[in-house]
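Data block for structure-v5.cif (mmCIF, C-alpha atoms):
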```cif
data_my_file
loop_
_atom_site.label_atom_id
_atom_site.label_comp_id
_atom_site.auth_asym_id
_atom_site.auth_seq_id
_atom_site.Cartn_x
_atom_site.Cartn_y
_atom_site.Cartn_z
CA MET Y 24 -36.19 -63.02 146.32
CA LYS Y 25 -32.78 -63.64 144.88
CA ILE Y 26 -29.39 -63.14 146.40
CA ARG Y 27 -28.03 -63.27 142.84
CA HIS Y 28 -29.72 -59.91 142.34
CA VAL Y 29 -27.57 -58.50 145.17
CA LEU Y 30 -24.43 -59.77 143.45
CA THR Y 31 -25.31 -58.30 140.06
CA THR Y 32 -26.30 -55.00 141.68
CA LEU Y 33 -22.96 -54.78 143.49
CA ASN Y 34 -21.14 -55.35 140.20
CA GLN Y 35 -23.24 -52.68 138.52
CA MET Y 36 -22.54 -50.25 141.36
CA GLN Y 37 -18.83 -50.86 140.93
CA ALA Y 38 -19.03 -50.47 137.14
CA ASP Y 39 -20.89 -47.18 137.61
CA GLY Y 40 -18.26 -45.90 140.04
CA ILE Y 41 -20.60 -45.79 143.06
CA ILE Y 42 -18.42 -48.14 145.06
CA ASP Y 43 -14.79 -49.04 144.64
CA ARG Y 44 -13.50 -52.14 146.37
CA PHE Y 45 -16.09 -54.40 147.99
CA ALA Y 46 -16.32 -57.86 149.49
CA ILE Y 47 -19.04 -59.97 151.02
CA GLY Y 48 -18.54 -61.05 154.63
CA GLY Y 49 -20.75 -62.36 157.41
CA ALA Y 50 -22.93 -65.42 157.09
CA VAL Y 51 -23.37 -65.05 153.34
CA GLY Y 52 -19.59 -64.87 152.93
CA ALA Y 53 -19.22 -67.96 155.11
CA THR Y 54 -21.73 -69.80 152.90
CA PHE Y 55 -19.12 -69.74 150.12
CA TYR Y 56 -17.08 -72.17 152.28
CA LEU Y 57 -19.54 -73.82 154.68
CA GLU Y 58 -23.08 -75.15 154.68
CA PRO Y 59 -25.69 -72.39 154.29
CA VAL Y 60 -26.58 -70.70 157.56
CA ASP Y 61 -29.84 -68.82 158.03
CA THR Y 62 -29.18 -65.09 158.15
CA LEU Y 63 -31.13 -61.87 158.27
CA ASP Y 64 -28.98 -59.79 155.98
CA VAL Y 65 -26.08 -59.50 153.57
CA ASP Y 66 -22.97 -57.77 154.90
CA VAL Y 67 -21.05 -55.93 152.19
CA PHE Y 68 -17.78 -54.34 153.22
CA ILE Y 69 -16.65 -51.41 151.13
CA THR Y 70 -14.06 -48.69 151.17
CA PHE Y 71 -15.97 -45.48 151.88
CA GLN Y 72 -14.89 -42.19 150.42
CA SER Y 73 -15.27 -39.19 152.70
CA GLU Y 74 -17.15 -36.27 151.19
CA PRO Y 75 -15.04 -33.32 150.07
CA GLY Y 76 -14.27 -31.05 153.02
CA SER Y 77 -15.53 -33.60 155.54
CA LEU Y 78 -13.87 -36.26 157.64
CA LEU Y 79 -17.14 -38.15 157.84
CA VAL Y 80 -17.88 -40.92 155.42
CA SER Y 81 -21.24 -40.94 153.74
CA VAL Y 82 -23.45 -43.68 152.40
CA SER Y 83 -25.71 -41.14 150.70
CA PRO Y 84 -24.35 -41.74 147.18
CA ILE Y 85 -25.00 -45.46 147.58
CA PHE Y 86 -28.53 -45.01 148.87
CA ASP Y 87 -29.34 -42.33 146.29
CA TYR Y 88 -28.12 -44.61 143.51
CA LEU Y 89 -30.05 -47.64 144.75
CA ARG Y 90 -33.23 -45.67 145.39
CA GLY Y 91 -33.05 -44.79 141.71
CA PHE Y 92 -33.50 -48.51 141.05
CA GLY Y 93 -36.53 -48.68 143.33
CA CYS Y 94 -34.70 -50.11 146.35
CA GLN Y 95 -36.30 -49.30 149.70
CA MET Y 96 -34.62 -48.33 152.95
CA GLU Y 97 -35.28 -50.44 156.06
CA GLY Y 98 -33.53 -48.83 158.99
CA GLU Y 99 -29.82 -49.02 158.33
CA TYR Y 100 -30.41 -51.53 155.54
CA ILE Y 101 -31.26 -51.10 151.93
CA VAL Y 102 -33.31 -53.87 150.41
CA ILE Y 103 -31.98 -55.35 147.16
CA GLY Y 104 -33.78 -58.28 145.59
CA GLY Y 105 -35.72 -58.81 148.81
CA TRP Y 106 -32.54 -58.99 150.89
CA PRO Y 107 -31.64 -56.36 153.49
CA VAL Y 108 -28.10 -55.33 152.60
CA GLN Y 109 -25.81 -53.48 154.98
CA PHE Y 110 -22.85 -51.55 153.61
CA LEU Y 111 -20.11 -51.53 156.19
CA PRO Y 112 -16.75 -49.80 156.44
CA PRO Y 113 -13.78 -51.86 157.57
CA THR Y 114 -13.76 -51.29 161.33
CA SER Y 115 -10.38 -52.79 162.18
CA PRO Y 116 -7.03 -53.47 160.51
CA LEU Y 117 -8.09 -57.11 160.26
CA VAL Y 118 -11.22 -56.23 158.28
CA GLU Y 119 -9.23 -53.79 156.14
CA GLU Y 120 -6.84 -56.60 155.29
CA ALA Y 121 -9.76 -58.96 154.61
CA LEU Y 122 -11.14 -56.44 152.15
CA VAL Y 123 -7.81 -56.05 150.36
CA GLU Y 124 -7.17 -59.79 150.19
CA ALA Y 125 -10.72 -60.83 149.29
CA VAL Y 126 -10.99 -63.35 146.49
CA THR Y 127 -13.08 -63.35 143.34
CA ARG Y 128 -15.58 -66.19 143.08
CA ASP Y 129 -17.98 -67.02 140.29
CA VAL Y 130 -21.61 -67.76 141.01
CA GLU Y 131 -23.11 -69.08 137.81
CA GLU Y 132 -21.06 -66.66 135.70
CA ILE Y 133 -21.58 -63.74 138.07
CA GLY Y 134 -18.23 -62.72 139.51
CA THR Y 135 -18.20 -61.46 143.07
CA ARG Y 136 -15.71 -60.70 145.82
CA VAL Y 137 -15.78 -62.53 149.13
CA PHE Y 138 -13.54 -62.60 152.20
CA THR Y 139 -11.22 -65.58 152.38
CA ALA Y 140 -12.21 -68.40 154.74
CA GLU Y 141 -9.22 -67.60 156.95
CA HIS Y 142 -10.19 -63.94 157.27
CA LEU Y 143 -13.81 -64.83 157.99
CA ALA Y 144 -12.61 -67.21 160.71
CA ALA Y 145 -10.23 -64.62 162.18
CA ILE Y 146 -12.97 -61.98 162.19
CA ALA Y 147 -15.27 -64.45 163.96
CA LEU Y 148 -12.52 -65.04 166.53
CA GLN Y 149 -12.04 -61.31 167.01
CA THR Y 150 -15.76 -60.52 167.24
CA GLY Y 151 -16.31 -63.37 169.67
CA ARG Y 152 -20.10 -63.53 170.02
CA ALA Y 153 -21.69 -66.96 170.50
CA LYS Y 154 -22.69 -67.16 166.84
CA ASP Y 155 -19.16 -66.16 165.79
CA LYS Y 156 -17.67 -68.94 167.90
CA ALA Y 157 -20.12 -71.40 166.36
CA ARG Y 158 -19.06 -70.26 162.89
CA LEU Y 159 -15.38 -70.61 163.75
CA LEU Y 160 -16.07 -74.16 164.95
CA GLN Y 161 -17.77 -74.90 161.63
CA PHE Y 162 -14.71 -73.70 159.73
CA ILE Y 163 -12.51 -75.98 161.84
CA GLU Y 164 -14.77 -79.04 161.82
CA GLU Y 165 -15.23 -78.84 158.07
CA ALA Y 166 -11.50 -78.38 157.50
CA ALA Y 167 -12.24 -75.24 155.50
CA LEU Y 168 -9.15 -73.37 156.67
CA ASP Y 169 -5.57 -73.25 155.51
CA ALA Y 170 -4.09 -73.62 159.01
CA GLU Y 171 -0.81 -71.84 158.22
CA ARG Y 172 -2.53 -68.90 156.59
CA PHE Y 173 -4.99 -68.64 159.50
CA GLN Y 174 -2.10 -68.77 161.98
CA ARG Y 175 -0.27 -65.96 160.18
CA ILE Y 176 -3.39 -63.78 160.28
CA ILE Y 177 -4.03 -64.26 164.00
CA VAL Y 178 -0.37 -63.54 164.80
CA ARG Y 179 -0.40 -60.42 162.64
CA HIS Y 180 -3.54 -59.11 164.33
CA ALA Y 181 -2.65 -60.02 167.93
CA LEU Y 182 -5.34 -62.67 168.24
CA VAL Y 183 -3.14 -65.47 169.57
CA ASP Y 184 -4.50 -65.12 173.12
CA HIS Y 185 -8.05 -65.22 171.78
CA TRP Y 186 -7.19 -68.32 169.78
CA GLN Y 187 -5.62 -70.11 172.74
CA ARG Y 188 -8.69 -69.36 174.87
CA PHE Y 189 -10.95 -70.61 172.09
CA GLN Y 190 -8.91 -73.80 171.76
CA ARG Y 191 -9.07 -74.45 175.52
CA GLN Y 192 -12.79 -73.78 175.56
CA PHE Y 193 -13.90 -75.74 172.50
CA LEU Y 194 -11.10 -77.91 171.14
CA ASP Y 195 -9.72 -79.55 174.28
CA VAL Y 196 -6.25 -78.19 173.54
CA MET E 14 -36.41 -97.37 170.50
CA SER E 15 -32.83 -96.48 171.31
CA TYR E 16 -30.79 -93.42 170.55
CA ASP E 17 -27.17 -93.69 169.55
CA LEU E 18 -26.03 -90.13 170.11
CA GLN E 19 -22.66 -90.69 168.47
CA ARG E 20 -24.33 -92.01 165.35
CA ILE E 21 -26.75 -89.08 165.28
CA LEU E 22 -23.93 -86.55 165.65
CA GLU E 23 -21.90 -88.28 162.97
CA SER E 24 -24.91 -88.27 160.65
CA LYS E 25 -25.41 -84.52 161.24
CA ARG E 26 -21.73 -83.85 160.58
CA THR E 27 -21.91 -85.83 157.33
CA LEU E 28 -24.98 -83.86 156.22
CA ARG E 29 -23.24 -80.54 157.00
CA GLN E 30 -20.19 -81.63 155.02
CA ARG E 31 -22.37 -82.69 152.08
CA LEU E 32 -24.15 -79.33 152.13
CA ALA E 33 -20.86 -77.41 152.38
CA ALA E 34 -19.56 -79.25 149.33
CA ARG E 35 -22.53 -78.21 147.16
CA PRO E 36 -21.90 -75.58 144.46
CA VAL E 37 -22.01 -72.01 145.81
CA ALA E 38 -24.92 -71.07 143.53
CA GLU E 39 -26.97 -73.89 145.00
CA LYS E 40 -26.07 -72.87 148.56
CA LEU E 41 -27.10 -69.28 147.85
CA GLN E 42 -30.43 -70.55 146.53
CA MET E 43 -30.82 -72.36 149.86
CA LEU E 44 -30.28 -69.01 151.63
CA ASP E 45 -33.03 -67.52 149.45
CA ALA E 46 -35.35 -70.37 150.41
CA MET E 47 -34.51 -70.06 154.12
CA ARG E 48 -35.20 -66.34 154.06
CA GLU E 49 -38.54 -66.80 152.30
CA ARG E 50 -39.51 -69.41 154.87
CA ALA E 51 -38.43 -67.16 157.76
CA LEU E 52 -40.50 -64.27 156.37
CA ALA E 53 -43.52 -66.54 155.93
CA ILE E 54 -43.23 -67.76 159.52
CA ARG E 55 -42.79 -64.22 160.81
CA GLY E 56 -45.80 -63.03 158.79
CA SER E 57 -47.91 -65.87 160.11
CA ALA E 58 -46.86 -65.17 163.69
CA LEU E 59 -47.65 -61.46 163.32
CA SER E 60 -51.10 -62.13 161.89
CA LYS E 61 -51.84 -64.46 164.82
CA VAL E 62 -50.76 -61.82 167.30
CA SER E 63 -53.04 -59.28 165.67
CA GLU E 64 -56.08 -61.52 166.13
CA SER E 65 -58.56 -60.67 168.87
CA THR E 66 -57.11 -63.22 171.26
CA VAL E 67 -54.71 -60.60 172.55
CA ALA E 68 -55.92 -58.42 175.42
CA ARG E 69 -55.22 -54.77 174.79
CA GLU E 70 -55.08 -51.94 177.24
CA ASP E 71 -55.98 -48.45 176.14
CA PRO E 72 -53.24 -45.95 176.83
CA PRO E 73 -53.91 -43.63 179.78
CA ASN E 74 -55.32 -40.25 178.90
CA LEU E 75 -52.44 -38.05 179.97
CA GLY E 76 -53.50 -34.45 180.01
CA PRO E 77 -50.98 -31.64 179.79
CA SER E 78 -50.66 -31.50 183.59
CA GLU E 79 -49.70 -35.20 183.74
CA SER E 80 -47.25 -35.21 180.90
CA HIS E 81 -43.53 -35.16 181.43
CA GLY E 82 -42.73 -32.41 179.02
CA GLU E 83 -42.47 -34.71 176.04
#
```
What would you get if you wrote out this structure as structure tokens?
Amino acid sequence: MKIRHVLTTLNQMQADGIIDRFAIGGAVGATFYLEPVDTLDVDVFITFQSEPGSLLVSVSPIFDYLRGFGCQMEGEYIVIGGWPVQFLPPTSPLVEEALVEAVTRDVEEIGTRVFTAEHLAAIALQTGRAKDKARLLQFIEEAALDAERFQRIIVRHALVDHWQRFQRQFLDV
Amino acid sequence: MSYDLQRILESKRTLRQRLAARPVAEKLQMLDAMRERALAIRGSALSKVSESTVAREDPPNLGPSESHGE
């Protein structure tokens, strides 16, 4: 079981033209900046292409390609290197921006794309589940954020009210 | 034995910071290890559940007249 295998597979998929732009988000993305957090899956955000003549986006080319490498489906996941991987479209302007502004990071000579810490924190603020709030607190406590950059993102995406509520609730502000 | 909660919390925070500062490759290996452990625990729990200690009820024999059109 190797998450490195997921990273190399993503690069191969991009080189073979199966996916275009991609970036890792979720708990695995956060692990690039924080301590490792147990997670069930790897969230990979990609720009989906709609099929010709259809407004619907399709993951079929991705699954067909990966099945050719022996990867198995598990519900909405496809298992790569023992890890359930979920390919996700950007579901909000914030996630679209996170995908565009993702950064390249090297993992033992394997290049990969990952959301910035500030975008991961803003997405956690926007999503707002208990585990997202816990992650946002980790980013703050570990001083992993560029405060000005984070502030610009939450202003741009109308999250200032969310942020003020979060501060009152958890940061005694 | 006494507990100094502040000291415990500070110690946990220090550990988290030390882990966060590790190289990414090492942190991803930790994710691999955590997932393997989680799967092992889940497998163990499932095999225990399947042992004969669990009482099972046979499903009712629903004839065509008792079904709900499913």
Could you expand the PyMOL selection byres ((chain E) within 7 of (chain Y)) into the explicit residues it covers here, written as a ChimeraX atom specification?
/E:29-30,32-33,37-38,40-41,43-45,47
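You will find atom CA of Ile163 of chain Y at 23.9 Å from atom CA of Phe68 of chain Y.
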From the list Y:Ala121, Y:Ile85, Y:Ala170, Y:Ile177, which residue is nearest Asp43 of chain Y when using all atoms listed in the file?
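Of Y:Ala121, Y:Ile85, Y:Ala170, Y:Ile177, the one nearest Asp43 of chain Y, counting all atoms listed in the file, is Y:Ile85.
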Around all the atoms of segment 120-138 of chain Y listed in the file, with 5 Å of room on each side, what axis-aligned box do you get, giving centre and edge lengths in Å to one decimal, as lines of an AutoDock Vina configuration file?
```
center_x = -15.0
center_y = -62.6
center_z = 145.5
size_x = 26.3
size_y = 23.0
size_z = 29.6
```
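Reported to one decimal place, the separation of atom CA of Ala144 of chain Y from atom CA of Phe162 of chain Y is 6.9 Å.
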Rounded to one decimal place, report the atom CA of Arg26 of chain E-atom CA of Phe193 of chain Y distance in Å.
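That distance, rounded to one decimal, is 16.4 Å.
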